Amino acid sequence: MVSPHTKESLEHYVAVTTEGESAGVEQLLAEDFSQKVQSANAQTYSREAVVKSLKKQKGEKLNCTVSTDIIEESADYMVAKVTLKFEDFTKTDLVTLVREGNNWKVSSSVNTYK
């Protein structure tokens, strides 16, 4: 069963990445957060780069359908699959959340495109 705090953090992450809700993004991402984009020329982005990018997108809503599936969870971590279906492609984001004290933080994000 997903704890309410974990679910809130995951929902916040989805809102930040798809609805331009950049408020609190620094508190949401763990200090060691990184984002990987798997493609022909795979890239890795630092926490700082992702925060900057998300803040630039403030107020921008993506035109896509979002679905979220919890893949695995324990008392201290959770892995979720966030699928964004656009008209011409699908983005899959595997998101790992970890417990830091009483808070849940997003520690990594791995994106693939089809």
# chains A, B, ... in the order shown; residues from 1 in each chain; ligands from 1
>>> select_by_dssp(residues="segment 44-102 of chain A", states="strand (DSSP E or B)", output="count of residues only")
32
>>> residues_around(residues="Val14 of chain A", least_positions_apart="3", cutoff="9 Å", atoms="only C-alpha atoms", output="ChimeraX atom specification")
/A:9-11,17-19,66,68,82
>>> closest_residue(among="A:Val50, A:Gln57, A:Met78, A:Ala23", to="Lys36 of chain A", atoms="only C-alpha atoms")
A:Val50
>>> residues_around(residues="Lys52 of chain A", least_positions_apart="4", cutoff="10 Å", atoms="only C-alpha atoms", output="ChimeraX atom specification")
/A:22,25-26,46-48,56-57
>>> write_last_selection(atoms="all heavy atoms", output="compact mmCIF listing (two decimals), in the first residue's frame")
# COMPACT_ATOMS: atom_id res chain seq x y z
N SER A 22 6.19 24.51 -10.89
CA SER A 22 7.58 24.42 -10.44
C SER A 22 7.79 24.78 -8.97
O SER A 22 8.87 24.61 -8.44
CB SER A 22 8.47 25.30 -11.31
OG SER A 22 8.09 26.66 -11.18
N VAL A 25 10.05 22.63 -6.26
CA VAL A 25 10.82 21.61 -6.98
C VAL A 25 12.14 21.30 -6.26
O VAL A 25 12.58 20.16 -6.22
CB VAL A 25 11.03 21.98 -8.47
CG1 VAL A 25 11.95 23.16 -8.62
CG2 VAL A 25 11.56 20.79 -9.25
N GLU A 26 12.77 22.32 -5.65
CA GLU A 26 14.03 22.07 -4.94
C GLU A 26 13.83 21.13 -3.76
O GLU A 26 14.68 20.30 -3.47
CB GLU A 26 14.67 23.37 -4.43
CG GLU A 26 15.24 24.25 -5.50
CD GLU A 26 14.27 25.33 -5.94
OE1 GLU A 26 13.03 25.19 -5.72
OE2 GLU A 26 14.73 26.33 -6.52
N SER A 46 22.11 16.83 -14.45
CA SER A 46 22.29 17.02 -13.01
C SER A 46 21.02 17.60 -12.40
O SER A 46 20.14 18.11 -13.10
CB SER A 46 23.45 17.98 -12.75
OG SER A 46 23.08 19.29 -13.20
N ARG A 47 20.96 17.56 -11.08
CA ARG A 47 19.84 18.15 -10.34
C ARG A 47 19.69 19.61 -10.72
O ARG A 47 18.60 20.10 -10.99
CB ARG A 47 20.09 17.98 -8.84
CG ARG A 47 19.03 18.59 -7.96
CD ARG A 47 19.42 18.43 -6.49
NE ARG A 47 18.35 18.82 -5.62
CZ ARG A 47 18.13 20.07 -5.22
NH1 ARG A 47 18.91 21.05 -5.65
NH2 ARG A 47 17.12 20.34 -4.42
N GLU A 48 20.81 20.33 -10.73
CA GLU A 48 20.80 21.77 -11.03
C GLU A 48 20.21 22.04 -12.41
O GLU A 48 19.39 22.95 -12.59
CB GLU A 48 22.23 22.31 -10.93
CG GLU A 48 22.35 23.80 -11.12
CD GLU A 48 23.79 24.27 -10.99
OE1 GLU A 48 24.49 23.82 -10.07
OE2 GLU A 48 24.20 25.09 -11.83
N LYS A 56 11.97 26.99 -15.95
CA LYS A 56 11.70 27.66 -17.23
C LYS A 56 10.33 27.27 -17.77
O LYS A 56 9.71 28.03 -18.49
CB LYS A 56 12.76 27.27 -18.26
CG LYS A 56 13.98 28.12 -18.25
CD LYS A 56 14.83 27.78 -19.47
CE LYS A 56 16.24 28.28 -19.30
NZ LYS A 56 17.13 27.77 -20.34
N GLN A 57 9.89 26.06 -17.44
CA GLN A 57 8.61 25.54 -17.94
C GLN A 57 7.43 25.94 -17.05
O GLN A 57 6.31 25.46 -17.26
CB GLN A 57 8.66 24.01 -18.04
CG GLN A 57 9.64 23.49 -19.05
CD GLN A 57 9.79 21.98 -18.98
OE1 GLN A 57 8.99 21.29 -18.36
NE2 GLN A 57 10.82 21.47 -19.60
>>> residues_around(residues="Tyr77 of chain A", least_positions_apart="6", cutoff="9 Å", atoms="only C-alpha atoms", output="CSV table (one decimal) with N, CA, C and O atoms, in the first residue's frame")
chain,number,residue,atom,x,y,z
A,6,THR,N,4.1,9.4,0.2
A,6,THR,CA,4.8,8.9,-1.0
A,6,THR,C,4.0,9.3,-2.2
A,6,THR,O,4.5,9.9,-3.2
A,96,THR,N,12.4,7.1,-9.2
A,96,THR,CA,12.7,6.5,-8.0
A,96,THR,C,12.5,7.5,-6.9
A,96,THR,O,13.1,8.6,-7.0
A,97,LEU,N,11.7,7.2,-5.9
A,97,LEU,CA,11.6,8.1,-4.7
A,97,LEU,C,12.2,7.4,-3.5
A,97,LEU,O,12.0,6.2,-3.3
A,98,VAL,N,12.8,8.2,-2.6
A,98,VAL,CA,13.4,7.6,-1.4
A,98,VAL,C,13.0,8.5,-0.2
A,98,VAL,O,12.7,9.6,-0.3
A,99,ARG,N,12.9,7.8,0.9
A,99,ARG,CA,12.6,8.5,2.2
A,99,ARG,C,13.8,9.2,2.7
A,99,ARG,O,14.8,8.5,2.9
A,104,TRP,N,9.6,12.5,1.4
A,104,TRP,CA,9.9,11.6,0.3
A,104,TRP,C,10.5,12.5,-0.8
A,104,TRP,O,10.0,13.6,-1.1
>>> decode(residues="segment 5-25 of chain A", atoms="N, CA and C atoms", output="PDB file, in the first residue's frame")
ATOM      1  N   HIS A   5       2.119  10.106   1.971  1.00  0.00           N
ATOM      2  CA  HIS A   5       3.237  11.024   1.725  1.00  0.00           C
ATOM      3  C   HIS A   5       3.968  10.671   0.432  1.00  0.00           C
ATOM      4  N   THR A   6       4.132   9.377   0.189  1.00  0.00           N
ATOM      5  CA  THR A   6       4.796   8.934  -1.034  1.00  0.00           C
ATOM      6  C   THR A   6       3.954   9.325  -2.233  1.00  0.00           C
ATOM      7  N   LYS A   7       2.656   9.080  -2.140  1.00  0.00           N
ATOM      8  CA  LYS A   7       1.737   9.399  -3.233  1.00  0.00           C
ATOM      9  C   LYS A   7       1.732  10.907  -3.506  1.00  0.00           C
ATOM     10  N   GLU A   8       1.744  11.704  -2.457  1.00  0.00           N
ATOM     11  CA  GLU A   8       1.789  13.167  -2.611  1.00  0.00           C
ATOM     12  C   GLU A   8       3.055  13.589  -3.357  1.00  0.00           C
ATOM     13  N   SER A   9       4.192  13.013  -2.987  1.00  0.00           N
ATOM     14  CA  SER A   9       5.455  13.361  -3.636  1.00  0.00           C
ATOM     15  C   SER A   9       5.440  12.961  -5.104  1.00  0.00           C
ATOM     16  N   LEU A  10       4.896  11.791  -5.399  1.00  0.00           N
ATOM     17  CA  LEU A  10       4.809  11.342  -6.787  1.00  0.00           C
ATOM     18  C   LEU A  10       3.867  12.256  -7.577  1.00  0.00           C
ATOM     19  N   GLU A  11       2.721  12.607  -6.989  1.00  0.00           N
ATOM     20  CA  GLU A  11       1.774  13.499  -7.660  1.00  0.00           C
ATOM     21  C   GLU A  11       2.399  14.880  -7.886  1.00  0.00           C
ATOM     22  N   HIS A  12       3.167  15.350  -6.900  1.00  0.00           N
ATOM     23  CA  HIS A  12       3.852  16.637  -7.044  1.00  0.00           C
ATOM     24  C   HIS A  12       4.846  16.564  -8.203  1.00  0.00           C
ATOM     25  N   TYR A  13       5.614  15.491  -8.287  1.00  0.00           N
ATOM     26  CA  TYR A  13       6.581  15.318  -9.365  1.00  0.00           C
ATOM     27  C   TYR A  13       5.872  15.337 -10.727  1.00  0.00           C
ATOM     28  N   VAL A  14       4.761  14.615 -10.836  1.00  0.00           N
ATOM     29  CA  VAL A  14       4.007  14.585 -12.091  1.00  0.00           C
ATOM     30  C   VAL A  14       3.495  15.981 -12.435  1.00  0.00           C
ATOM     31  N   ALA A  15       2.988  16.707 -11.433  1.00  0.00           N
ATOM     32  CA  ALA A  15       2.496  18.067 -11.670  1.00  0.00           C
ATOM     33  C   ALA A  15       3.628  18.996 -12.108  1.00  0.00           C
ATOM     34  N   VAL A  16       4.791  18.839 -11.500  1.00  0.00           N
ATOM     35  CA  VAL A  16       5.954  19.664 -11.859  1.00  0.00           C
ATOM     36  C   VAL A  16       6.381  19.388 -13.295  1.00  0.00           C
ATOM     37  N   THR A  17       6.415  18.114 -13.670  1.00  0.00           N
ATOM     38  CA  THR A  17       6.938  17.762 -14.991  1.00  0.00           C
ATOM     39  C   THR A  17       5.917  17.890 -16.112  1.00  0.00           C
ATOM     40  N   THR A  18       4.615  17.865 -15.817  1.00  0.00           N
ATOM     41  CA  THR A  18       3.621  17.904 -16.890  1.00  0.00           C
ATOM     42  C   THR A  18       2.722  19.136 -16.872  1.00  0.00           C
ATOM     43  N   GLU A  19       2.627  19.811 -15.719  1.00  0.00           N
ATOM     44  CA  GLU A  19       1.694  20.928 -15.604  1.00  0.00           C
ATOM     45  C   GLU A  19       2.375  22.257 -15.291  1.00  0.00           C
ATOM     46  N   GLY A  20       3.703  22.260 -15.297  1.00  0.00           N
ATOM     47  CA  GLY A  20       4.418  23.511 -15.079  1.00  0.00           C
ATOM     48  C   GLY A  20       4.343  24.043 -13.666  1.00  0.00           C
ATOM     49  N   GLU A  21       4.066  23.173 -12.700  1.00  0.00           N
ATOM     50  CA  GLU A  21       3.986  23.601 -11.306  1.00  0.00           C
ATOM     51  C   GLU A  21       5.362  23.503 -10.656  1.00  0.00           C
ATOM     52  N   SER A  22       6.193  24.508 -10.886  1.00  0.00           N
ATOM     53  CA  SER A  22       7.578  24.419 -10.437  1.00  0.00           C
ATOM     54  C   SER A  22       7.790  24.776  -8.966  1.00  0.00           C
ATOM     55  N   ALA A  23       6.757  25.237  -8.281  1.00  0.00           N
ATOM     56  CA  ALA A  23       6.902  25.592  -6.865  1.00  0.00           C
ATOM     57  C   ALA A  23       7.318  24.360  -6.054  1.00  0.00           C
ATOM     58  N   GLY A  24       8.337  24.517  -5.226  1.00  0.00           N
ATOM     59  CA  GLY A  24       8.779  23.435  -4.355  1.00  0.00           C
ATOM     60  C   GLY A  24       9.624  22.381  -5.028  1.00  0.00           C
ATOM     61  N   VAL A  25      10.052  22.634  -6.262  1.00  0.00           N
ATOM     62  CA  VAL A  25      10.824  21.608  -6.977  1.00  0.00           C
ATOM     63  C   VAL A  25      12.140  21.304  -6.263  1.00  0.00           C
TER      64      VAL A  25
END
